[in-house]
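Structure data follow from start-v4.csv (CSV, C-alpha atoms):
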```
chain,number,residue,atom,x,y,z
A,23,MET,CA,105.5,113.0,80.9
A,24,ASP,CA,102.1,111.8,82.0
A,25,VAL,CA,99.1,110.2,80.4
A,26,GLN,CA,95.9,110.3,82.6
A,27,GLY,CA,93.3,107.6,82.9
A,28,GLU,CA,90.1,107.5,84.9
A,29,ASP,CA,89.7,104.8,87.6
A,30,GLN,CA,86.5,103.3,88.8
A,31,ALA,CA,86.2,105.7,91.7
A,32,GLY,CA,86.4,108.8,89.5
A,33,ARG,CA,90.0,109.6,90.6
A,34,ARG,CA,92.8,109.9,88.1
A,35,SER,CA,95.8,107.7,87.7
A,36,ARG,CA,98.7,109.1,85.8
A,37,PHE,CA,101.2,107.2,83.6
A,38,GLY,CA,104.7,108.6,83.7
A,39,PHE,CA,107.7,107.8,81.5
A,40,PRO,CA,111.3,108.5,82.2
A,41,TYR,CA,112.3,112.1,81.5
A,42,ARG,CA,114.9,114.7,82.0
A,43,PRO,CA,113.3,117.6,83.9
A,44,ARG,CA,113.6,121.1,82.4
A,45,GLY,CA,112.9,124.1,84.7
A,46,PRO,CA,110.4,126.8,83.7
A,47,LEU,CA,113.1,129.4,83.5
A,48,ARG,CA,115.1,127.3,81.1
A,49,ILE,CA,112.1,126.8,78.9
A,50,ILE,CA,111.3,130.5,78.8
A,51,VAL,CA,114.9,131.5,78.1
A,52,SER,CA,115.1,128.9,75.2
A,53,ARG,CA,111.9,130.2,73.6
A,54,LEU,CA,113.0,133.8,73.9
A,55,ALA,CA,116.4,132.9,72.4
A,56,LEU,CA,114.7,131.2,69.5
A,57,ALA,CA,112.4,134.2,68.9
A,58,PHE,CA,115.4,136.6,69.0
A,59,GLY,CA,117.3,134.3,66.7
A,60,LEU,CA,114.5,134.6,64.1
A,61,ILE,CA,114.6,138.4,64.3
A,62,LEU,CA,118.4,138.3,63.8
A,63,LEU,CA,118.0,136.0,60.8
A,64,GLY,CA,115.4,138.4,59.3
A,65,THR,CA,117.7,141.3,60.0
A,66,ALA,CA,120.5,139.6,58.0
A,67,VAL,CA,118.2,138.9,55.1
A,68,VAL,CA,116.9,142.5,54.9
A,69,TYR,CA,120.3,144.0,55.3
A,70,LEU,CA,121.8,141.9,52.5
A,71,GLY,CA,119.0,143.1,50.2
A,72,ARG,CA,118.8,146.6,51.6
A,73,SER,CA,119.0,148.2,48.2
A,74,GLY,CA,115.6,146.9,47.4
A,75,TYR,CA,113.9,148.6,50.3
A,76,ARG,CA,112.6,152.2,50.7
A,77,ASP,CA,112.6,154.1,53.9
A,78,SER,CA,110.0,156.8,54.4
A,79,THR,CA,112.7,159.2,55.6
A,80,GLY,CA,114.6,158.8,52.4
A,81,HIS,CA,117.7,157.5,54.0
A,82,PRO,CA,119.3,154.2,52.9
A,83,LEU,CA,118.8,151.2,55.1
A,84,GLY,CA,121.4,150.5,57.6
A,85,LEU,CA,121.9,147.7,60.1
A,86,LEU,CA,119.7,149.3,62.8
A,87,THR,CA,116.9,150.0,60.3
A,88,SER,CA,117.1,146.5,59.0
A,89,PHE,CA,116.8,145.2,62.6
A,90,TYR,CA,113.9,147.6,63.2
A,91,TYR,CA,112.1,146.4,60.1
A,92,SER,CA,112.6,142.7,60.9
A,93,ALA,CA,111.3,143.2,64.5
A,94,VAL,CA,108.1,145.1,63.6
A,95,THR,CA,107.4,142.8,60.6
A,96,LEU,CA,107.9,139.5,62.4
A,97,THR,CA,105.8,140.7,65.4
A,98,THR,CA,103.1,141.6,62.8
A,99,ILE,CA,103.1,145.3,63.9
A,100,GLY,CA,104.3,146.6,60.5
A,101,TYR,CA,104.2,150.4,60.6
A,102,GLY,CA,104.8,150.7,56.9
A,103,ASP,CA,107.6,153.3,57.1
A,104,VAL,CA,110.0,150.7,55.6
A,105,VAL,CA,108.7,148.7,52.6
A,106,PRO,CA,110.2,146.4,50.0
A,107,ALA,CA,110.3,148.4,46.7
A,108,SER,CA,112.1,146.2,44.2
A,109,ASN,CA,110.8,143.0,42.8
A,110,SER,CA,113.7,141.0,44.3
A,111,ALA,CA,113.0,142.4,47.8
A,112,ARG,CA,109.3,141.5,47.5
A,113,ILE,CA,110.2,137.9,46.4
A,114,VAL,CA,112.6,137.7,49.4
A,115,ASN,CA,109.8,139.0,51.7
A,116,THR,CA,107.4,136.4,50.3
A,117,LEU,CA,109.8,133.4,50.4
A,118,VAL,CA,111.9,134.2,53.5
A,119,ILE,CA,110.4,136.9,55.8
A,120,THR,CA,106.8,135.5,55.7
A,121,PRO,CA,107.9,132.0,56.8
A,122,LEU,CA,110.0,133.7,59.5
A,123,ARG,CA,106.9,135.6,60.6
A,124,LEU,CA,105.0,132.3,60.8
A,125,GLY,CA,107.8,130.8,62.8
A,126,PHE,CA,107.8,133.7,65.2
A,127,LEU,CA,104.1,133.3,65.8
A,128,LEU,CA,104.6,129.5,66.4
A,129,VAL,CA,107.2,130.4,69.1
A,130,LEU,CA,104.7,132.7,70.8
A,131,VAL,CA,102.0,130.0,70.9
A,132,GLY,CA,104.5,127.3,71.4
A,133,THR,CA,103.4,126.5,74.9
A,134,THR,CA,99.9,125.4,73.7
A,135,ILE,CA,101.3,123.5,70.8
A,136,SER,CA,103.9,121.9,73.0
A,137,ALA,CA,101.3,120.7,75.5
A,138,LEU,CA,99.3,119.1,72.7
A,139,THR,CA,102.3,117.4,71.0
A,140,GLU,CA,103.6,116.2,74.4
A,141,ARG,CA,100.3,114.6,75.3
A,142,THR,CA,100.1,112.9,71.9
A,143,ARG,CA,103.7,111.7,72.1
A,144,ALA,CA,103.0,110.4,75.7
A,145,GLU,CA,100.0,108.4,74.5
A,146,TRP,CA,102.0,107.0,71.6
A,147,ARG,CA,104.8,106.0,74.0
A,148,GLU,CA,102.4,104.3,76.4
A,149,GLN,CA,100.8,102.3,73.6
A,150,THR,CA,104.3,101.3,72.3
A,151,TRP,CA,105.4,100.3,75.8
A,152,ARG,CA,102.3,98.2,76.3
A,153,SER,CA,102.8,96.3,73.1
A,154,LYS,CA,106.4,95.3,74.0
A,155,VAL,CA,106.5,94.8,77.8
A,156,ARG,CA,106.7,91.2,79.0
A,157,GLN,CA,107.9,89.5,82.2
A,158,HIS,CA,108.6,92.9,83.8
A,159,ILE,CA,108.7,93.7,87.5
A,160,VAL,CA,105.9,95.7,89.1
A,161,VAL,CA,106.9,97.6,92.3
A,162,VAL,CA,103.9,98.7,94.4
A,163,GLY,CA,105.2,101.4,96.7
A,164,TYR,CA,108.2,103.6,96.1
A,165,GLY,CA,109.1,104.6,99.6
A,166,THR,CA,112.3,103.8,101.4
A,167,GLN,CA,111.8,100.0,100.9
A,168,GLY,CA,110.7,100.3,97.3
A,169,ARG,CA,113.6,102.5,96.4
A,170,ALA,CA,116.1,100.1,98.0
A,171,ALA,CA,114.5,97.2,96.2
A,172,VAL,CA,114.8,98.9,92.9
A,173,ALA,CA,118.4,100.0,93.6
A,174,THR,CA,119.2,96.3,94.3
A,175,LEU,CA,117.5,95.2,91.1
A,176,ARG,CA,119.4,97.7,89.0
A,177,ALA,CA,122.7,96.8,90.7
A,178,ARG,CA,122.0,93.2,89.6
A,179,VAL,CA,121.8,94.3,85.9
A,180,THR,CA,118.0,94.7,85.7
A,181,HIS,CA,117.3,97.2,82.9
A,182,PRO,CA,115.1,100.2,84.0
A,183,ARG,CA,112.6,99.5,81.2
A,184,GLU,CA,111.9,96.1,83.0
A,185,ILE,CA,110.6,97.9,86.1
A,186,VAL,CA,107.3,99.7,86.6
A,187,VAL,CA,106.6,101.7,89.8
A,188,VAL,CA,103.1,102.2,91.2
A,189,ASP,CA,102.6,104.7,94.0
A,190,VAL,CA,99.8,107.0,95.2
A,191,ALA,CA,102.3,109.9,95.6
A,192,ALA,CA,103.0,111.9,92.4
A,193,SER,CA,106.3,113.0,93.8
A,194,ALA,CA,107.5,109.4,94.3
A,195,VAL,CA,106.6,108.5,90.7
A,196,ALA,CA,108.3,111.6,89.5
A,197,GLU,CA,111.4,110.5,91.3
A,198,ALA,CA,111.1,107.1,89.7
A,199,ASN,CA,110.8,108.7,86.3
A,200,ARG,CA,114.0,110.7,86.9
A,201,HIS,CA,115.8,107.4,87.6
A,202,GLY,CA,114.7,106.1,84.2
A,203,LEU,CA,111.7,104.1,85.4
A,204,VAL,CA,108.1,104.0,84.1
A,205,GLY,CA,105.7,105.0,86.8
A,206,ILE,CA,102.0,105.1,87.5
A,207,VAL,CA,100.4,107.4,90.0
A,208,GLY,CA,97.5,105.4,91.6
A,209,ASP,CA,96.4,103.1,94.3
A,210,GLY,CA,98.3,99.8,93.9
A,211,THR,CA,95.4,97.9,95.5
A,212,ARG,CA,93.1,98.7,92.6
A,213,SER,CA,92.8,96.3,89.7
A,214,ASP,CA,92.4,99.1,87.1
A,215,VAL,CA,95.6,100.8,88.3
A,216,LEU,CA,97.5,97.6,88.2
A,217,ALA,CA,96.1,96.8,84.8
A,218,ARG,CA,97.7,100.0,83.5
A,219,ALA,CA,101.0,98.5,84.8
A,220,GLU,CA,100.3,95.5,82.6
A,221,LEU,CA,100.4,93.3,85.7
A,222,ALA,CA,98.8,90.4,83.9
A,223,LYS,CA,102.0,90.1,81.8
A,224,ALA,CA,104.4,90.7,84.7
A,225,GLY,CA,106.9,88.1,85.9
A,226,HIS,CA,107.5,89.5,89.4
A,227,VAL,CA,105.5,91.8,91.8
A,228,LEU,CA,107.2,93.5,94.7
A,229,ILE,CA,104.9,95.0,97.3
A,230,ALA,CA,106.6,97.6,99.6
A,231,THR,CA,103.6,99.6,100.8
A,232,ALA,CA,103.6,101.7,104.0
A,233,SER,CA,101.0,99.6,105.8
A,234,ASP,CA,100.4,95.9,106.2
A,235,ASP,CA,96.7,96.0,105.4
A,236,THR,CA,97.5,97.8,102.1
A,237,ALA,CA,100.1,95.1,101.3
A,238,VAL,CA,97.6,92.3,101.9
A,239,LEU,CA,95.0,93.9,99.6
A,240,ALA,CA,97.7,94.6,97.0
A,241,ALA,CA,98.8,90.9,97.1
A,242,LEU,CA,95.2,89.7,96.8
A,243,THR,CA,94.5,91.9,93.8
A,244,ALA,CA,97.8,91.1,92.1
A,245,ARG,CA,97.3,87.3,92.5
A,246,ARG,CA,93.8,87.5,91.1
A,247,MET,CA,95.1,89.3,88.1
A,248,ASN,CA,98.2,87.1,87.6
A,249,ALA,CA,98.3,83.5,88.7
A,250,THR,CA,102.0,82.8,87.8
A,251,ALA,CA,103.9,85.9,88.8
A,252,VAL,CA,106.2,85.7,91.8
A,253,ILE,CA,104.9,88.0,94.4
A,254,THR,CA,107.2,89.2,97.1
A,255,ALA,CA,105.9,91.5,99.9
A,256,SER,CA,107.2,93.3,102.9
A,257,VAL,CA,105.2,93.6,106.2
A,258,ALA,CA,106.0,95.3,109.4
A,259,ARG,CA,104.5,92.7,111.8
A,260,ALA,CA,105.0,89.0,111.8
A,261,GLU,CA,101.4,88.2,112.5
A,262,ASN,CA,100.5,89.4,109.1
A,263,VAL,CA,102.8,87.0,107.2
A,264,ALA,CA,100.1,84.2,107.1
A,265,LEU,CA,97.6,86.7,105.7
A,266,LEU,CA,99.9,87.6,102.9
A,267,ARG,CA,100.8,84.0,102.1
A,268,GLU,CA,97.0,83.2,102.0
A,269,GLY,CA,96.5,86.2,99.8
A,270,GLY,CA,99.0,84.9,97.2
A,271,ALA,CA,102.4,86.1,98.2
A,272,ASP,CA,105.2,83.7,97.5
A,273,ASN,CA,107.8,85.4,99.7
A,274,VAL,CA,107.1,87.6,102.7
A,275,ILE,CA,109.8,89.7,104.4
A,276,THR,CA,109.1,90.9,108.0
A,277,SER,CA,110.9,94.2,107.8
A,278,SER,CA,110.6,95.3,111.5
A,279,GLU,CA,111.7,92.0,113.0
A,280,THR,CA,114.4,91.5,110.4
A,281,ALA,CA,115.8,94.9,111.3
A,282,GLY,CA,115.6,94.1,115.0
A,283,HIS,CA,117.5,90.8,114.5
A,284,LEU,CA,120.2,92.7,112.6
A,285,LEU,CA,120.4,95.3,115.4
A,286,GLY,CA,120.8,92.5,118.0
A,287,VAL,CA,123.4,90.7,116.0
A,288,ALA,CA,125.4,93.9,115.4
A,289,SER,CA,125.3,94.8,119.0
A,290,LEU,CA,126.7,91.4,120.1
A,291,SER,CA,129.1,91.1,117.2
A,292,PRO,CA,129.8,94.3,115.2
A,293,SER,CA,131.9,92.3,112.7
A,294,VAL,CA,129.0,89.9,111.9
A,295,GLY,CA,126.7,92.9,111.6
A,296,THR,CA,129.0,94.6,109.1
A,297,VAL,CA,129.2,91.4,107.0
A,298,LEU,CA,125.4,91.0,107.0
A,299,GLU,CA,125.0,94.7,106.0
A,300,GLU,CA,127.3,94.2,103.1
A,301,LEU,CA,125.4,91.1,102.0
A,302,LEU,CA,122.0,92.8,102.2
A,303,SER,CA,123.0,96.2,100.7
A,304,ALA,CA,123.7,96.7,97.1
A,305,GLY,CA,127.1,98.0,96.1
A,306,LEU,CA,128.9,97.3,99.4
A,307,GLY,CA,131.3,94.6,98.1
A,308,LEU,CA,129.4,91.4,99.0
A,309,GLU,CA,126.2,89.9,97.7
A,310,VAL,CA,124.0,86.9,97.9
A,311,ALA,CA,123.1,85.6,94.4
A,312,GLU,CA,121.4,82.6,92.8
A,313,ARG,CA,122.8,80.8,89.8
A,314,SER,CA,122.8,77.5,87.9
A,315,PRO,CA,125.8,75.2,88.6
A,316,GLU,CA,128.6,75.1,86.1
A,317,PRO,CA,129.1,71.7,84.3
A,318,ALA,CA,132.3,71.0,86.3
A,319,GLU,CA,130.3,71.5,89.6
A,320,VAL,CA,127.6,68.9,88.8
A,321,GLY,CA,128.1,65.8,90.8
A,322,ARG,CA,130.2,67.5,93.5
A,323,ASP,CA,129.5,68.2,97.1
A,324,PRO,CA,128.3,71.8,97.6
A,325,ARG,CA,131.2,72.4,100.1
A,326,GLN,CA,133.7,71.5,97.3
A,327,ILE,CA,132.6,74.4,95.1
A,328,SER,CA,134.9,77.5,95.1
A,329,GLU,CA,132.2,80.0,95.9
A,330,SER,CA,130.5,79.8,99.3
A,331,VAL,CA,127.2,77.9,98.8
A,332,LEU,CA,124.6,78.9,101.3
A,333,ALA,CA,121.8,76.7,100.0
A,334,VAL,CA,120.7,74.5,97.1
A,335,VAL,CA,117.3,75.1,95.5
A,336,ARG,CA,116.0,71.7,94.4
A,337,ASP,CA,112.5,71.2,92.9
A,338,GLY,CA,111.6,74.7,94.0
A,339,LYS,CA,112.6,74.2,97.7
A,340,PRO,CA,115.7,75.7,99.3
A,341,LEU,CA,117.9,73.2,101.2
A,342,ARG,CA,120.6,74.5,103.5
A,343,TYR,CA,124.2,73.6,102.4
A,344,SER,CA,124.6,71.1,105.3
A,345,ASP,CA,121.3,69.3,104.5
A,346,SER,CA,122.1,65.6,104.0
A,347,ARG,CA,119.3,65.4,101.4
A,348,ILE,CA,121.4,67.4,99.0
A,349,GLY,CA,124.1,64.8,98.4
A,350,THR,CA,125.8,66.1,95.3
A,351,VAL,CA,124.8,69.0,93.0
A,352,ARG,CA,122.5,68.2,90.1
A,353,ALA,CA,122.4,69.9,86.8
A,354,ASP,CA,118.8,71.2,87.4
A,355,ASP,CA,119.7,72.6,90.9
A,356,ARG,CA,120.1,76.3,91.7
A,357,LEU,CA,122.9,77.4,93.9
A,358,VAL,CA,122.4,80.3,96.4
A,359,ILE,CA,125.9,81.7,96.9
A,360,ALA,CA,127.8,84.5,98.8
A,361,ARG,CA,130.3,86.2,96.5
A,362,GLU,CA,132.2,89.4,95.8
A,363,THR,CA,129.9,91.9,94.1
A,364,PRO,CA,131.0,92.1,90.4
A,365,ALA,CA,132.5,95.4,89.4
A,366,SER,CA,129.7,96.1,86.9
A,367,HIS,CA,127.2,95.8,89.8
A,368,LEU,CA,129.2,98.2,91.9
A,369,GLN,CA,129.2,100.7,89.2
A,370,ARG,CA,125.5,100.4,88.7
A,371,ALA,CA,124.8,100.8,92.4
A,372,GLY,CA,127.1,103.9,92.6
A,373,HIS,CA,125.3,105.4,89.6
A,374,GLU,CA,121.9,104.8,91.3
A,375,GLU,CA,123.0,106.5,94.5
A,376,GLN,CA,123.9,109.6,92.5
A,377,GLY,CA,120.4,109.8,91.0
A,378,GLY,CA,121.2,108.1,87.7
```
Once more with this new file: its structure as structure tokens, please.
Amino acid sequence: MDVQGEDQAGRRSRFGFPYRPRGPLRIIVSRLALAFGLILLGTAVVYLGRSGYRDSTGHPLGLLTSFYYSAVTLTTIGYGDVVPASNSARIVNTLVITPLRLGFLLVLVGTTISALTERTRAEWREQTWRSKVRQHIVVVGYGTQGRAAVATLRARVTHPREIVVVDVAASAVAEANRHGLVGIVGDGTRSDVLARAELAKAGHVLIATASDDTAVLAALTARRMNATAVITASVARAENVALLREGGADNVITSSETAGHLLGVASLSPSVGTVLEELLSAGLGLEVAERSPEPAEVGRDPRQISESVLAVVRDGKPLRYSDSRIGTVRADDRLVIARETPASHLQRAGHEEQGG
């Protein structure tokens, strides 16, 4: 379901909401079934009151003649060979058959009416969404990396309504809609497109575009529109990391080099590679998570905590678990831990892989 908006270059960006796709054959069959159902209803009404009708042949009305009269009347053909003769039959025609005729006509022009109502409903849904959305996640780019990022977010109990996808490909946004996400077809480097995603009210921005130069421009635009959102971007080459950080990205992932490191580790130690894959992939049994310390954990050495602590985030800076500056855990610290993936997260990840 799309609502279109004109961008500054004259091109159109489309706003898509989650939907369940219906094929054209299914729509046609459903409309034909409804039309046939109206004819059958009219047949039943005429047959029950058949004594009040007169056939030009002089024969009493049977079921077939009742069906014939209902069909030619509802389709507005009306040959006049069968007519209501009694007052009761005329009242029934006025109160029942005439509304059925109007309903049949509405079915015939239903495609046009449906298009108008769908557009109105889509505009209403967009306005309602804009009035309610806060601290959501804007994902710029819904390719392989973007889909994997969204799958991880959803596996970590992020609700679909908190994620907005922006991509230049209509097919990518349609796929996001099928997965329950709001999507916008448009260039994620343009401020007017990002404004439609309510980026100024977003809490996080994930940039997973196909090229590094697009990622840099998207980060610059996003930071100019929102000074407080956490911007995380992916680039292919390490030399572009500095550009992204200067452009406003808080976190930069070097996808090609990271993949290369994992390949090297896996080739030297397949077991380590398997563990790393489980840690980095949603729904494989292990995960890296961040949480606040429990009251019983405050004042303890990170190595004394039951879960494996990889780092302690203090004053916004991550410190490795072995860093002597940590000392003991504080109440305002954040713990980066490795743990078994909760069952609810595994179920979400499995649902996502099945196209849910």
Who sits within 8 Å of segment 259-261 of chain A, only C-alpha atoms, same chain under 3 positions skipped, as a PDB file with C-alpha atoms, keeping the file's coordinate frame:
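Contents of the output file result_9.pdb:
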```pdb
ATOM      1  CA  ASP A 234     100.400  95.900 106.200  1.00  0.00           C
ATOM      2  CA  ALA A 264     100.100  84.200 107.100  1.00  0.00           C
ATOM      3  CA  LEU A 265      97.600  86.700 105.700  1.00  0.00           C
ATOM      4  CA  THR A 276     109.100  90.900 108.000  1.00  0.00           C
ATOM      5  CA  SER A 277     110.900  94.200 107.800  1.00  0.00           C
ATOM      6  CA  SER A 278     110.600  95.300 111.500  1.00  0.00           C
ATOM      7  CA  GLU A 279     111.700  92.000 113.000  1.00  0.00           C
TER       8      GLU A 279
END
```
Using only C-alpha atoms, I'd like a table of the residues in segment 124-193 of chain A that come within 12 Å of segment 83-95 of chain A; for each, show the closest atom pair and its distance in Å rounded to one decimal, ordered by chain and ascending number, as CSV.
```
residue,atom,partner,partner_atom,distance
A:Leu124,CA,A:Thr95,CA,10.8
A:Phe126,CA,A:Ala93,CA,10.1
A:Leu127,CA,A:Thr95,CA,11.3
```
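For the pair atom CA of Asp337 of chain A and atom CA of Val252 of chain A, the separation is 15.8 Å.
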Between A:Val186, A:Ala57, A:Val297, A:Val274, smallest distance to Ala237 of chain A by all atoms listed in the file belongs to A:Val274
Tell me which of A:Leu175, A:Ala66, A:Ile327, A:Ala224 sits closest to Val114 of chain A, counting all atoms listed in the file.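 Residue with the minimum atom-to-atom distance to Val114 of chain A: A:Ala66.
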### Neighbour list for segment 349-355 of chain A as a ChimeraX atom specification, cut-off 10 Å, only C-alpha atoms, skip fewer than 5 positions in-chain
/A:313-327,334-340,343-344
